file my_file.txt (compact mmCIF, C-alpha atoms)
# COMPACT_ATOMS: atom_id res chain seq x y z
CA MET N 1009 -14.79 10.76 -23.09
CA THR N 1010 -13.34 13.36 -20.74
CA THR N 1011 -12.75 13.00 -17.09
CA ASN N 1012 -14.33 15.43 -14.68
CA PRO N 1013 -11.56 16.69 -12.37
CA GLU N 1014 -14.09 17.23 -9.61
CA ARG N 1015 -14.93 13.52 -9.61
CA GLN N 1016 -11.32 12.40 -9.25
CA SER N 1017 -10.54 11.08 -5.80
CA ALA N 1018 -8.01 13.05 -3.78
CA PRO N 1019 -4.77 11.25 -2.96
CA ALA N 1020 -4.75 9.54 0.42
CA PRO N 1021 -3.04 11.65 3.08
CA ILE N 1022 0.37 10.55 4.32
CA LEU N 1023 -0.08 9.36 7.91
CA ALA N 1024 3.54 8.57 8.73
CA CYS N 1025 7.10 8.83 7.48
CA THR N 1026 10.25 6.89 7.95
CA VAL N 1027 13.20 9.20 8.60
CA SER N 1028 16.69 7.78 8.14
CA ARG N 1029 20.04 8.18 6.43
CA ASP N 1030 19.06 5.36 4.05
CA VAL N 1031 15.81 3.48 4.61
CA GLN N 1032 17.15 0.54 2.56
CA ASN N 1033 19.32 -0.28 5.58
CA PHE N 1034 16.10 -1.03 7.50
CA ASP N 1035 14.24 -3.43 5.23
CA LEU N 1036 12.22 -4.91 8.11
CA LEU N 1037 10.95 -1.42 8.91
CA ILE N 1038 9.77 -1.02 5.31
CA GLU N 1039 7.82 -4.27 5.57
CA ASP N 1040 6.22 -3.25 8.87
CA MET N 1041 5.25 0.21 7.57
CA GLU N 1042 3.60 -1.35 4.51
CA ALA N 1043 1.75 -3.89 6.66
CA LEU N 1044 0.56 -1.18 9.05
CA LEU N 1045 -0.24 1.70 6.67
CA GLY N 1046 -0.36 0.34 3.13
CA GLU N 1047 0.64 3.23 0.87
CA ALA N 1048 -0.17 6.00 3.35
CA TRP N 1049 3.46 6.60 4.34
CA GLY N 1050 6.55 8.22 2.93
CA ASP N 1051 10.30 8.35 3.44
CA LEU N 1052 12.58 11.31 4.13
CA GLY N 1053 16.21 11.96 4.95
CA PHE N 1054 17.18 13.84 8.08
CA GLU N 1055 17.57 17.30 6.51
CA ASP N 1056 14.46 16.92 4.33
CA ALA N 1057 12.43 15.77 7.33
CA LEU N 1058 13.49 18.80 9.36
CA THR N 1059 12.30 21.06 6.55
CA PHE N 1060 9.08 19.10 5.96
CA LEU N 1061 8.10 19.17 9.64
CA GLY N 1062 8.05 22.96 9.44
CA GLN N 1063 5.53 22.99 6.57
CA PRO N 1064 1.69 22.81 6.65
CA ASP N 1065 1.80 19.52 4.71
CA ALA N 1066 3.05 17.83 7.89
CA ASP N 1067 -0.31 18.37 9.58
CA SER N 1068 -1.56 14.99 8.36
CA LEU N 1069 1.31 13.07 9.98
CA GLU N 1070 0.48 10.90 12.98
CA PHE N 1071 4.04 9.70 13.63
CA ILE N 1072 7.52 9.43 12.23
CA ALA N 1073 9.70 6.31 12.52
CA LEU N 1074 13.19 7.67 13.17
CA ALA N 1075 15.60 4.87 12.22
CA ILE N 1076 19.27 5.24 13.18
CA ASP N 1077 22.39 3.14 13.57
CA SER N 1078 25.89 3.67 14.96
CA GLU N 1079 26.93 5.86 12.00
CA ASP N 1080 24.26 8.41 12.93
CA GLU N 1081 25.56 9.06 16.45
CA ASN N 1082 27.62 12.01 15.19
CA THR N 1083 24.36 13.77 14.21
CA LEU N 1084 22.65 13.66 17.62
CA ASP N 1085 22.04 17.42 17.62
CA LEU N 1086 20.22 17.21 14.28
CA LEU N 1087 18.22 14.21 15.48
CA GLY N 1088 17.32 16.11 18.63
CA GLN N 1089 16.03 19.00 16.50
CA LEU N 1090 13.93 16.56 14.48
CA ILE N 1091 12.36 15.09 17.60
CA ALA N 1092 11.71 18.52 19.11
CA ARG N 1093 10.09 19.83 15.94
CA ALA N 1094 7.88 16.73 15.65
CA ALA N 1095 6.85 17.05 19.29
CA ALA N 1096 6.00 20.73 18.78
CA ARG N 1097 3.63 19.70 15.96
CA GLY N 1098 2.04 16.94 18.06
CA ILE N 1099 3.62 14.26 15.86
CA LYS N 1100 4.69 11.12 17.71
CA VAL N 1101 8.23 9.77 17.33
CA VAL N 1102 9.09 6.06 17.28
CA LEU N 1103 12.85 5.72 17.72
CA ILE N 1104 14.28 2.61 16.02
CA ALA N 1105 17.95 1.99 16.76
CA GLU N 1106 20.60 -0.55 15.81
CA ASP N 1107 23.99 -0.71 17.59
CA VAL N 1108 23.51 2.69 19.23
CA THR N 1109 25.12 3.37 22.61
CA PRO N 1110 22.88 3.64 25.69
CA ALA N 1111 24.06 7.23 26.25
CA SER N 1112 22.83 8.29 22.80
CA LEU N 1113 19.54 6.45 23.26
CA HIS N 1114 19.06 8.10 26.63
CA LYS N 1115 19.67 11.55 25.15
CA LEU N 1116 17.17 11.05 22.34
CA LEU N 1117 14.51 9.51 24.58
CA ARG N 1118 14.91 12.35 27.07
CA GLY N 1119 14.65 14.73 24.11
CA GLY N 1120 11.05 13.69 23.52
CA ALA N 1121 10.92 10.42 21.55
CA ASP N 1122 7.65 8.67 22.45
CA GLU N 1123 8.54 5.02 21.81
CA PHE N 1124 11.68 2.96 21.34
CA ALA N 1125 12.19 -0.29 19.45
CA PRO N 1126 15.46 -2.14 18.78
CA TYR N 1127 16.46 -3.13 15.26
CA PRO N 1128 16.07 -5.77 13.89
CA LEU N 1129 12.47 -5.16 14.83
CA PRO N 1130 10.81 -7.92 16.87
CA GLU N 1131 7.68 -9.22 15.18
CA GLY N 1132 4.75 -6.84 15.69
CA GLU N 1133 6.85 -4.32 17.69
CA LEU N 1134 6.13 -1.31 15.45
CA ALA N 1135 2.39 -2.00 15.47
CA ALA N 1136 2.49 -2.41 19.25
CA ALA N 1137 4.33 0.90 19.67
CA VAL N 1138 1.79 2.71 17.50
CA ALA N 1139 -1.07 1.08 19.40
CA ARG N 1140 0.44 2.27 22.70
CA PHE N 1141 0.65 5.92 21.81
CA ARG N 1142 -2.76 5.81 20.16
CA ALA N 1143 -4.17 4.36 23.39
CA ARG N 1144 -2.45 7.09 25.41
CA ALA N 1145 -3.89 9.75 23.11
CA GLU N 1146 -7.38 8.30 23.47
CA ALA N 1147 -6.99 8.09 27.24
CA ALA N 1148 -5.86 11.71 27.34
CA ARG N 1149 -8.84 12.73 25.21
CA LEU N 1150 -11.26 10.96 27.54
CA ALA N 1151 -9.51 12.31 30.62
CA ALA N 1152 -9.85 15.85 29.29
CA GLN N 1153 -13.62 15.41 29.35
CA LEU N 1154 -13.61 14.47 33.05
CA PRO N 1155 -13.07 16.61 36.12
CA VAL N 1156 -9.37 17.02 36.91
CA PRO N 1157 -8.46 14.38 39.54
CA VAL N 1158 -6.14 14.98 42.43
CA GLU N 1159 -2.68 13.72 41.52
CA GLY N 1160 -0.82 11.31 43.70
CA VAL N 1161 -1.62 8.13 45.58
CA LYS N 1162 -4.08 7.66 48.44
CA LEU N 1163 -2.30 5.98 51.31
CA LYS N 1164 -3.29 4.06 54.40
CA GLY N 1165 -1.27 4.59 57.55
CA GLY N 1166 -0.55 2.57 60.65
CA GLY N 1167 2.01 0.26 59.12
CA ASP N 1168 5.56 -0.75 60.00
CA GLY N 1169 7.10 -1.72 56.70
CA VAL N 1170 10.34 -3.57 56.06
CA LEU N 1171 13.05 -1.22 54.80
CA ILE N 1172 15.33 -2.74 52.14
CA ALA N 1173 18.28 -0.71 50.83
CA ALA N 1174 20.28 -1.39 47.67
CA HIS N 1175 23.71 0.19 47.29
CA GLY N 1176 26.07 -0.29 44.37
CA LEU N 1177 29.72 -0.21 45.38
CA ALA N 1178 30.90 0.57 41.85
CA GLY N 1179 29.38 2.35 38.90
CA GLY N 1180 27.44 0.18 36.50
CA CYS N 1181 27.14 -2.81 38.81
CA GLY N 1182 23.37 -3.06 38.24
CA VAL N 1183 22.01 -1.71 41.52
CA THR N 1184 19.03 0.11 39.95
CA THR N 1185 18.11 -2.94 37.88
CA PHE N 1186 18.25 -4.97 41.09
CA ALA N 1187 16.20 -2.48 43.14
CA VAL N 1188 13.52 -1.99 40.48
CA ASN N 1189 13.03 -5.69 39.85
CA LEU N 1190 13.15 -6.62 43.53
CA ALA N 1191 10.43 -4.04 44.26
CA TRP N 1192 8.29 -5.32 41.37
CA GLU N 1193 8.69 -8.96 42.43
CA LEU N 1194 7.67 -8.06 45.99
CA ALA N 1195 4.65 -6.15 44.69
CA THR N 1196 3.55 -9.17 42.63
CA VAL N 1197 4.70 -11.98 44.93
CA ARG N 1198 1.05 -13.00 45.40
CA LYS N 1199 -1.90 -12.78 43.05
CA ASP N 1200 -4.24 -11.96 45.93
CA GLY N 1201 -3.36 -9.92 48.96
CA ALA N 1202 0.01 -8.79 47.62
CA PRO N 1203 1.99 -6.52 49.94
CA ARG N 1204 2.06 -2.75 49.52
CA VAL N 1205 5.45 -1.81 48.08
CA CYS N 1206 7.13 1.57 47.64
CA LEU N 1207 10.31 2.10 45.61
CA ILE N 1208 12.33 5.21 46.52
CA ASP N 1209 15.09 6.62 44.31
CA LEU N 1210 17.54 8.60 46.44
CA GLY N 1211 19.88 9.20 43.51
CA LEU N 1212 19.10 12.91 43.59
CA GLN N 1213 21.46 13.64 40.70
CA PHE N 1214 21.53 10.66 38.36
CA GLY N 1215 18.78 8.37 39.66
CA THR N 1216 17.25 6.32 36.83
CA VAL N 1217 14.40 4.40 38.47
CA ALA N 1218 11.96 6.54 36.45
CA THR N 1219 13.72 5.54 33.22
CA HIS N 1220 13.66 1.84 34.12
CA LEU N 1221 9.87 2.02 34.58
CA ASP N 1222 9.08 4.66 31.92
CA LEU N 1223 7.63 7.03 34.52
CA PRO N 1224 7.58 10.84 34.51
CA ARG N 1225 9.76 12.79 36.93
CA ARG N 1226 7.40 15.10 38.79
CA GLU N 1227 7.93 18.52 40.29
CA ALA N 1228 6.02 17.29 43.35
CA VAL N 1229 9.12 15.27 44.28
CA PHE N 1230 11.31 18.38 44.34
CA GLU N 1231 8.69 20.30 46.31
CA LEU N 1232 8.51 17.53 48.90
CA LEU N 1233 12.30 17.22 49.22
CA SER N 1234 12.54 20.99 49.65
CA ASP N 1235 10.34 20.94 52.75
CA ILE N 1236 10.64 17.54 54.43
CA PRO N 1237 9.80 18.88 57.95
CA SER N 1238 6.25 19.75 56.85
CA MET N 1239 5.69 16.45 55.03
CA ASP N 1240 2.80 14.22 56.02
CA GLY N 1241 1.21 11.12 54.55
CA ASP N 1242 -0.94 13.12 52.12
CA SER N 1243 1.93 15.17 50.70
CA PHE N 1244 4.08 12.03 50.44
CA GLY N 1245 1.30 10.33 48.50
CA GLN N 1246 1.07 13.32 46.14
CA ALA N 1247 4.73 12.85 45.21
CA LEU N 1248 4.36 9.16 44.34
CA THR N 1249 3.74 7.77 40.87
CA SER N 1250 1.92 4.47 40.43
CA TYR N 1251 3.29 1.77 38.13
CA GLU N 1252 0.46 -0.47 36.89
CA ASP N 1253 -1.43 0.18 40.15
CA LYS N 1254 0.83 -2.35 41.91
CA LEU N 1255 4.03 -0.50 42.72
CA GLN N 1256 4.27 3.05 44.07
CA VAL N 1257 7.41 4.93 43.06
CA PHE N 1258 9.14 7.97 44.51
CA THR N 1259 11.31 8.96 41.55
CA ALA N 1260 14.40 11.14 41.49
CA PRO N 1261 13.53 14.83 40.95
CA PRO N 1262 13.43 16.28 37.42
CA ASP N 1263 16.63 18.29 37.92
CA MET N 1264 19.96 17.47 39.53
CA LEU N 1265 20.10 18.34 43.22
CA PRO N 1266 23.06 18.42 45.62
CA LEU N 1267 23.24 15.30 47.76
CA ASP N 1268 23.64 17.41 50.90
CA MET N 1269 20.26 18.99 50.25
CA LEU N 1270 18.88 16.32 52.58
CA SER N 1271 19.99 15.99 56.19
CA PRO N 1272 20.08 12.67 58.04
CA GLU N 1273 16.94 13.78 59.87
CA ASP N 1274 15.19 14.51 56.55
CA VAL N 1275 16.03 11.06 55.21
CA LYS N 1276 14.85 9.36 58.40
CA THR N 1277 11.56 11.28 58.24
CA LEU N 1278 11.08 10.28 54.60
CA LEU N 1279 11.81 6.61 55.29
CA ASP N 1280 9.64 6.54 58.43
CA THR N 1281 6.72 8.02 56.48
CA ALA N 1282 7.13 5.44 53.73
CA ARG N 1283 7.34 2.57 56.23
CA GLU N 1284 4.18 3.77 57.93
CA HIS N 1285 2.20 3.40 54.71
CA PHE N 1286 3.81 0.38 53.04
CA ASP N 1287 4.67 -3.22 53.87
CA PHE N 1288 7.99 -3.06 52.00
CA VAL N 1289 10.08 0.00 51.15
CA VAL N 1290 12.93 -0.53 48.67
CA VAL N 1291 15.52 2.28 48.48
CA ASP N 1292 17.88 2.72 45.54
CA LEU N 1293 20.94 4.54 46.92
CA PRO N 1294 23.56 6.53 45.00
CA THR N 1295 27.02 5.03 44.77
CA THR N 1296 28.44 8.02 46.64
CA ILE N 1297 28.66 7.75 50.42
CA THR N 1298 26.76 10.75 51.81
CA HIS N 1299 26.31 12.12 55.31
CA TRP N 1300 22.95 10.29 55.45
CA THR N 1301 24.08 6.89 54.15
CA ASP N 1302 24.62 5.69 57.71
CA THR N 1303 21.03 6.73 58.50
CA VAL N 1304 19.74 4.37 55.82
CA LEU N 1305 22.11 1.62 57.00
CA THR N 1306 20.93 1.99 60.60
CA GLU N 1307 17.23 2.11 59.72
CA ALA N 1308 17.22 -0.69 57.13
CA GLN N 1309 16.27 -4.23 58.07
CA VAL N 1310 18.12 -5.49 54.98
CA TYR N 1311 21.00 -3.64 53.28
CA PHE N 1312 22.23 -5.09 49.99
CA ALA N 1313 25.63 -4.05 48.65
CA LEU N 1314 26.10 -5.00 45.00
CA VAL N 1315 29.58 -5.77 43.68
CA GLU N 1316 31.07 -7.41 40.64
CA LEU N 1317 33.97 -9.81 40.33
CA ASP N 1318 36.59 -7.14 39.64
CA MET N 1319 39.29 -5.14 41.40
CA ARG N 1320 37.32 -1.87 41.63
CA SER N 1321 34.47 -3.59 43.51
CA ALA N 1322 36.94 -5.33 45.83
CA GLN N 1323 38.77 -2.10 46.64
CA ASN N 1324 35.53 -0.16 47.21
CA ALA N 1325 34.14 -2.90 49.46
CA LEU N 1326 37.34 -2.76 51.51
CA ARG N 1327 37.10 1.04 51.78
CA LEU N 1328 33.47 0.77 52.90
CA LYS N 1329 34.34 -1.86 55.48
CA ARG N 1330 37.09 0.29 56.96
CA ALA N 1331 34.92 3.42 57.02
CA LEU N 1332 32.00 1.74 58.76
CA GLN N 1333 34.10 -0.11 61.29
CA SER N 1334 36.02 3.05 62.16
CA GLU N 1335 32.71 4.72 63.01
CA ASP N 1336 31.34 1.67 64.88
CA LEU N 1337 28.54 1.33 62.34
CA PRO N 1338 26.87 -2.06 61.72
CA PHE N 1339 28.98 -3.39 58.84
CA ASP N 1340 27.75 -6.91 59.66
CA LYS N 1341 24.24 -5.87 58.61
CA ILE N 1342 25.33 -5.59 54.97
CA ARG N 1343 24.39 -8.49 52.67
CA PHE N 1344 26.80 -8.62 49.75
CA ALA N 1345 25.32 -9.51 46.37
CA LEU N 1346 27.62 -10.57 43.53
CA ASN N 1347 26.24 -9.43 40.18
CA HIS N 1348 27.23 -11.26 36.99
CA ALA N 1349 28.10 -14.19 39.23
CA PRO N 1350 29.94 -17.11 37.58
CA LYS N 1351 27.83 -19.94 36.23
CA PHE N 1352 27.63 -23.30 37.96
CA THR N 1353 30.09 -24.81 35.50
CA ASP N 1354 32.56 -21.89 35.70
CA LEU N 1355 34.94 -23.38 38.25
CA SER N 1356 37.59 -20.74 37.66
CA GLY N 1357 35.08 -17.92 38.26
CA LYS N 1358 33.74 -19.59 41.39
CA THR N 1359 37.29 -19.88 42.74
CA ARG N 1360 37.91 -16.18 42.09
CA ALA N 1361 34.65 -15.28 43.87
CA LYS N 1362 35.64 -17.40 46.87
CA ARG N 1363 39.06 -15.79 47.06
CA MET N 1364 37.57 -12.31 46.79
CA ALA N 1365 35.13 -13.02 49.65
CA GLU N 1366 37.87 -14.50 51.83
CA GLY N 1367 40.23 -11.61 51.12
CA LEU N 1368 37.60 -9.07 52.15
CA GLY N 1369 36.34 -11.08 55.08
CA ILE N 1370 32.78 -11.12 53.74
CA GLU N 1371 30.27 -13.60 52.39
CA PHE N 1372 28.27 -13.40 49.17
CA SER N 1373 24.76 -14.13 50.40
CA VAL N 1374 23.19 -13.40 47.00
CA MET N 1375 24.56 -14.60 43.65
CA LEU N 1376 22.96 -12.79 40.71
CA PRO N 1377 23.52 -14.43 37.31
CA ASP N 1378 24.24 -12.50 34.13
CA GLY N 1379 20.92 -11.62 32.50
CA GLY N 1380 22.47 -10.75 29.14
CA LYS N 1381 21.07 -8.25 26.64
CA GLN N 1382 17.52 -8.81 27.86
CA VAL N 1383 18.35 -6.75 30.96
CA GLN N 1384 19.35 -3.73 28.87
CA MET N 1385 16.33 -4.17 26.60
CA ALA N 1386 13.99 -4.24 29.60
CA GLY N 1387 15.50 -1.02 30.90
CA ASP N 1388 15.26 0.66 27.49
CA HIS N 1389 11.61 -0.38 27.21
CA GLY N 1390 10.86 0.86 30.73
CA GLN N 1391 9.63 -2.51 32.01
CA PRO N 1392 10.59 -4.92 34.78
CA LEU N 1393 12.27 -8.12 33.63
CA ALA N 1394 9.16 -10.08 34.58
CA ARG N 1395 7.26 -8.18 31.88
CA GLN N 1396 10.01 -8.20 29.24
CA ALA N 1397 11.71 -11.56 29.79
CA GLY N 1398 10.02 -13.66 32.45
CA LYS N 1399 12.35 -16.64 32.00
CA ASN N 1400 15.54 -14.61 32.28
CA PRO N 1401 17.91 -16.18 34.86
CA LEU N 1402 18.47 -12.86 36.65
CA ARG N 1403 14.72 -12.33 36.94
CA LYS N 1404 14.26 -15.82 38.37
CA GLU N 1405 16.93 -15.23 41.03
CA ILE N 1406 15.45 -11.86 42.05
CA ALA N 1407 11.96 -13.41 42.21
CA LYS N 1408 13.33 -16.15 44.45
CA LEU N 1409 14.94 -13.55 46.73
CA ALA N 1410 11.69 -11.54 46.87
CA ALA N 1411 9.75 -14.64 47.89
CA GLU N 1412 12.26 -15.30 50.67
CA LEU N 1413 12.03 -11.72 51.95
CA TYR N 1414 8.25 -11.84 51.84
CA ALA N 1415 8.19 -15.12 53.79
CA ILE N 1416 10.51 -13.66 56.43
CA GLY N 1417 8.33 -10.56 56.68
CA GLN N 1418 5.24 -12.71 57.15
CA SER N 1419 6.95 -14.76 59.87
CA ASP N 1420 8.02 -11.63 61.72
CA ALA N 1421 4.51 -10.19 61.49
CA GLU N 1422 2.95 -13.38 62.84
CA ALA N 1423 5.51 -13.53 65.67
CA ALA N 1424 4.69 -9.93 66.62
call {"tool": "encode", "arguments": {"input": "my_file.txt", "output": "C-alpha cells"}}
result
Amino acid sequence: MTTNPERQSAPAPILACTVSRDVQNFDLLIEDMEALLGEAWGDLGFEDALTFLGQPDADSLEFIALAIDSEDENTLDLLGQLIARAAARGIKVVLIAEDVTPASLHKLLRGGADEFAPYPLPEGELAAAVARFRARAEAARLAAQLPVPVEGVKLKGGGDGVLIAAHGLAGGCGVTTFAVNLAWELATVRKDGAPRVCLIDLGLQFGTVATHLDLPRREAVFELLSDIPSMDGDSFGQALTSYEDKLQVFTAPPDMLPLDMLSPEDVKTLLDTAREHFDFVVVDLPTTITHWTDTVLTEAQVYFALVELDMRSAQNALRLKRALQSEDLPFDKIRFALNHAPKFTDLSGKTRAKRMAEGLGIEFSVMLPDGGKQVQMAGDHGQPLARQAGKNPLRKEIAKLAAELYAIGQSDAEAA
C-alpha cells in the first residue's frame, strides 16, 4: 500500500529557538522549553541564529531564548546584532543570563531584549516571561482597534505636597533603589485612600529610575525640560508615566543632557508644579552637586543623604558639610541614611558607624540593612522590592520609613 504525499501532515512549525554557545550548559532551560512548547522549538548557535533570522523560515518564530554566561561577554556586539535582527522581524527576545555583569545586562536590555530571567531559572519564570509579552501583544492589538488616547496623566491641582529628596554621596550607594522603593511604599501605604505620589528622576545624564521600574523614557520629558517656563499642570501630566496606576513617574530623558540645562528657577518651577498635584514628591538627585542642588535642599521638607560605611562616603560627606556651611545653607536639614548598615550582632561594624558619625559631626537617622542579591534582581526585573521580595529586610525598613513619613504628613495636614 502506498502513501499519498498529499495526505501526510506537514511538520509542526518551530515557534521558538534557544540561542546559546552550548545549550547543554542550560539544562533547566531545555526542560522549560519542552514543558512550554513540546517539540515546536529548536536550538541554534550565535552565528547560525544570526543567519537564520535573516531567512524567510524565521517568520514562524514567536521568540528566541538567548542564553548567555560570563564567557559570552566578549561577544556583546554579536549578541546585540542578534537582538536587533530579532526585533526587526518582530520576534521577541528572552534574555537568560548566568554570572553576567550588570553593565553587560544593561547594554543588552537597552539593545531591545524584551524580557530578562536569571539562570538558574526560577520555577515557571520562562512561562511567565512568555505570558507577559503575549499579554502585551494582545493589549497592543486591542489598543490598535480603539481611538488613540491622549498620552500622559490627568492631574488634580490645589495641593501642597511633601517634597522628599534623595541624594547619594558616593557612586553605587543605592540612592535610586532607595528613592524608587520609598516612592512605591508611600504610594501603597494604605489600601484605600492612598496618597498621590510622584517620583522625579533629575539624573539628566545617567538616571535609572525608568530601568528600576521597567518604564519607557519618553520624548515628552525632553520637550518639557526644554521649555520649563511654559509648563503647566497639563503639560507636566503629559510627561509622566504611570506605574501600575499607583505611582506617577517623571523619568530621565531618553538622551544624556547637560546638568546645567536647568536653572535653579526651572527646578523650582518643576518641583512646585509637582507639589501642587501630588501629596508626596520624591526626587532622585544625581551624585554631582549642581547649581540647582541648593534649590532642592531649600525646598525639600526631607532631604536624605545616603552614605556607606567607607572612606569615600566619609570624605564626600565632609566636603558637602563644608560647602553648605560656607554658603550658609541648611546643612542641619539633611538626614543621613547609612546603607548596608551593620547587623544587630555586628558589634565591630556598629562601632565603626558610631565613630564615623562622631568624626563627621552627624547622626545616622536611617539605618538601611543589606538587602542582598534580591535588590539587584528586583532592579533587573524592573520591579519594586515589595513586588519581587516582600520579606527582604531592606524593603521592610523602607516600608517602615514610608509609614513614618506618611503619619507625619497626616499630622501636619490635620494641624493646618
call {"tool": "residues_around", "arguments": {"input": "my_file.txt", "residues": "Asp1065 in chain N", "least_positions_apart": "6", "cutoff": "12 Å", "atoms": "all atoms listed in the file", "output": "MDAnalysis selection string"}}
result
chainID N and resid 1021:1024 1057 1059 1097
call {"tool": "closest_residue", "arguments": {"input": "my_file.txt", "among": "N:Pro1128, N:Val1289, N:Arg1403, N:Phe1054", "to": "Ile1038 in chain N", "atoms": "only C-alpha atoms"}}
result
N:Pro1128
call {"tool": "closest_residue", "arguments": {"input": "my_file.txt", "among": "N:Thr1083, N:Asp1280, N:Arg1327, N:Leu1248", "to": "Ala1308 in chain N", "atoms": "all atoms listed in the file"}}
result
N:Asp1280
call {"tool": "atom_distance", "arguments": {"input": "my_file.txt", "atom1": "CA of Leu1037 in chain N", "atom2": "CA of Gly1053 in chain N"}}
result
14.9 Å
call {"tool": "closest_residue", "arguments": {"input": "my_file.txt", "among": "N:Leu1293, N:Ala1282, N:Ala1125, N:Leu1036", "to": "Ala1178 in chain N", "atoms": "only C-alpha atoms"}}
result
N:Leu1293
call {"tool": "closest_residue", "arguments": {"input": "my_file.txt", "among": "N:Val1205, N:Leu1326, N:Leu1086, N:Leu1413", "to": "Gln1309 in chain N", "atoms": "all atoms listed in the file"}}
result
N:Leu1413
call {"tool": "atom_distance", "arguments": {"input": "my_file.txt", "atom1": "CA of Val1383 in chain N", "atom2": "CA of Leu1117 in chain N"}}
result
17.9 Å
call {"tool": "closest_atom_pairs", "arguments": {"input": "my_file.txt", "of": "range 1130-1242 of chain N", "to": "range 1348-1371 of chain N", "cutoff": "12 Å", "atoms": "all atoms listed in the file", "output": "Markdown table"}}
result
| residue | atom | partner | partner_atom | distance |
| --- | --- | --- | --- | --- |
| N:Gly1180 | CA | N:His1348 | CA | 11.5 |
| N:Cys1181 | CA | N:His1348 | CA | 8.6 |
| N:Gly1182 | CA | N:His1348 | CA | 9.1 |
| N:Val1183 | CA | N:His1348 | CA | 11.8 |
| N:Phe1186 | CA | N:His1348 | CA | 11.7 |
call {"tool": "atom_distance", "arguments": {"input": "my_file.txt", "atom1": "CA of Glu1081 in chain N", "atom2": "CA of Ala1105 in chain N"}}
result
10.4 Å
call {"tool": "residues_around", "arguments": {"input": "my_file.txt", "residues": "Asp1080 in chain N", "least_positions_apart": "2", "cutoff": "10 Å", "atoms": "all atoms listed in the file", "output": "list in words"}}
result
Ser1028, Arg1029, Ala1075, Ile1076, Asp1077, Ser1078, Asn1082, Thr1083, Leu1084, Leu1086, Leu1087, Ala1105, Val1108 and Ser1112 of chain N
call {"tool": "write_last_selection", "arguments": {"input": "my_file.txt", "atoms": "C-alpha atoms", "output": "compact mmCIF listing (two decimals), keeping the file's coordinate frame"}}
result
# COMPACT_ATOMS: atom_id res chain seq x y z
CA SER N 1028 16.69 7.78 8.14
CA ARG N 1029 20.04 8.18 6.43
CA ALA N 1075 15.60 4.87 12.22
CA ILE N 1076 19.27 5.24 13.18
CA ASP N 1077 22.39 3.14 13.57
CA SER N 1078 25.89 3.67 14.96
CA ASN N 1082 27.62 12.01 15.19
CA THR N 1083 24.36 13.77 14.21
CA LEU N 1084 22.65 13.66 17.62
CA LEU N 1086 20.22 17.21 14.28
CA LEU N 1087 18.22 14.21 15.48
CA ALA N 1105 17.95 1.99 16.76
CA VAL N 1108 23.51 2.69 19.23
CA SER N 1112 22.83 8.29 22.80
call {"tool": "closest_residue", "arguments": {"input": "my_file.txt", "among": "N:Gln1418, N:Ala1218, N:Pro1392, N:Leu1129", "to": "Glu1193 in chain N", "atoms": "only C-alpha atoms"}}
result
N:Pro1392
call {"tool": "closest_residue", "arguments": {"input": "my_file.txt", "among": "N:Trp1192, N:Ala1386, N:Ile1208, N:Asp1030", "to": "Pro1294 in chain N", "atoms": "only C-alpha atoms"}}
result
N:Ile1208
call {"tool": "decode", "arguments": {"input": "my_file.txt", "residues": "range 1320-1332 of chain N", "atoms": "N, CA and C atoms", "output": "PDB file, in the first residue's frame"}}
result
ATOM      1  N   ARG N1320      35.323  56.777  51.219  1.00  0.00           N
ATOM      2  CA  ARG N1320      34.858  57.709  50.182  1.00  0.00           C
ATOM      3  C   ARG N1320      33.595  58.417  50.629  1.00  0.00           C
ATOM      4  N   SER N1321      32.662  57.700  51.267  1.00  0.00           N
ATOM      5  CA  SER N1321      31.434  58.331  51.751  1.00  0.00           C
ATOM      6  C   SER N1321      31.751  59.347  52.842  1.00  0.00           C
ATOM      7  N   ALA N1322      32.671  58.985  53.737  1.00  0.00           N
ATOM      8  CA  ALA N1322      33.026  59.900  54.825  1.00  0.00           C
ATOM      9  C   ALA N1322      33.645  61.181  54.286  1.00  0.00           C
ATOM     10  N   GLN N1323      34.565  61.047  53.328  1.00  0.00           N
ATOM     11  CA  GLN N1323      35.204  62.224  52.765  1.00  0.00           C
ATOM     12  C   GLN N1323      34.198  63.100  52.009  1.00  0.00           C
ATOM     13  N   ASN N1324      33.306  62.470  51.245  1.00  0.00           N
ATOM     14  CA  ASN N1324      32.320  63.248  50.486  1.00  0.00           C
ATOM     15  C   ASN N1324      31.318  63.941  51.408  1.00  0.00           C
ATOM     16  N   ALA N1325      30.939  63.268  52.496  1.00  0.00           N
ATOM     17  CA  ALA N1325      30.032  63.902  53.460  1.00  0.00           C
ATOM     18  C   ALA N1325      30.695  65.118  54.096  1.00  0.00           C
ATOM     19  N   LEU N1326      31.993  65.001  54.378  1.00  0.00           N
ATOM     20  CA  LEU N1326      32.725  66.134  54.958  1.00  0.00           C
ATOM     21  C   LEU N1326      32.813  67.290  53.965  1.00  0.00           C
ATOM     22  N   ARG N1327      33.066  66.968  52.696  1.00  0.00           N
ATOM     23  CA  ARG N1327      33.115  68.013  51.663  1.00  0.00           C
ATOM     24  C   ARG N1327      31.766  68.716  51.549  1.00  0.00           C
ATOM     25  N   LEU N1328      30.688  67.927  51.557  1.00  0.00           N
ATOM     26  CA  LEU N1328      29.355  68.511  51.448  1.00  0.00           C
ATOM     27  C   LEU N1328      29.071  69.414  52.642  1.00  0.00           C
ATOM     28  N   LYS N1329      29.437  68.963  53.824  1.00  0.00           N
ATOM     29  CA  LYS N1329      29.202  69.755  55.026  1.00  0.00           C
ATOM     30  C   LYS N1329      29.929  71.098  54.939  1.00  0.00           C
ATOM     31  N   ARG N1330      31.175  71.070  54.533  1.00  0.00           N
ATOM     32  CA  ARG N1330      31.935  72.310  54.415  1.00  0.00           C
ATOM     33  C   ARG N1330      31.328  73.239  53.371  1.00  0.00           C
ATOM     34  N   ALA N1331      30.941  72.677  52.227  1.00  0.00           N
ATOM     35  CA  ALA N1331      30.389  73.501  51.144  1.00  0.00           C
ATOM     36  C   ALA N1331      29.100  74.178  51.573  1.00  0.00           C
ATOM     37  N   LEU N1332      28.211  73.436  52.206  1.00  0.00           N
ATOM     38  CA  LEU N1332      26.921  74.011  52.598  1.00  0.00           C
ATOM     39  C   LEU N1332      27.087  75.033  53.714  1.00  0.00           C
TER      40      LEU N1332
END
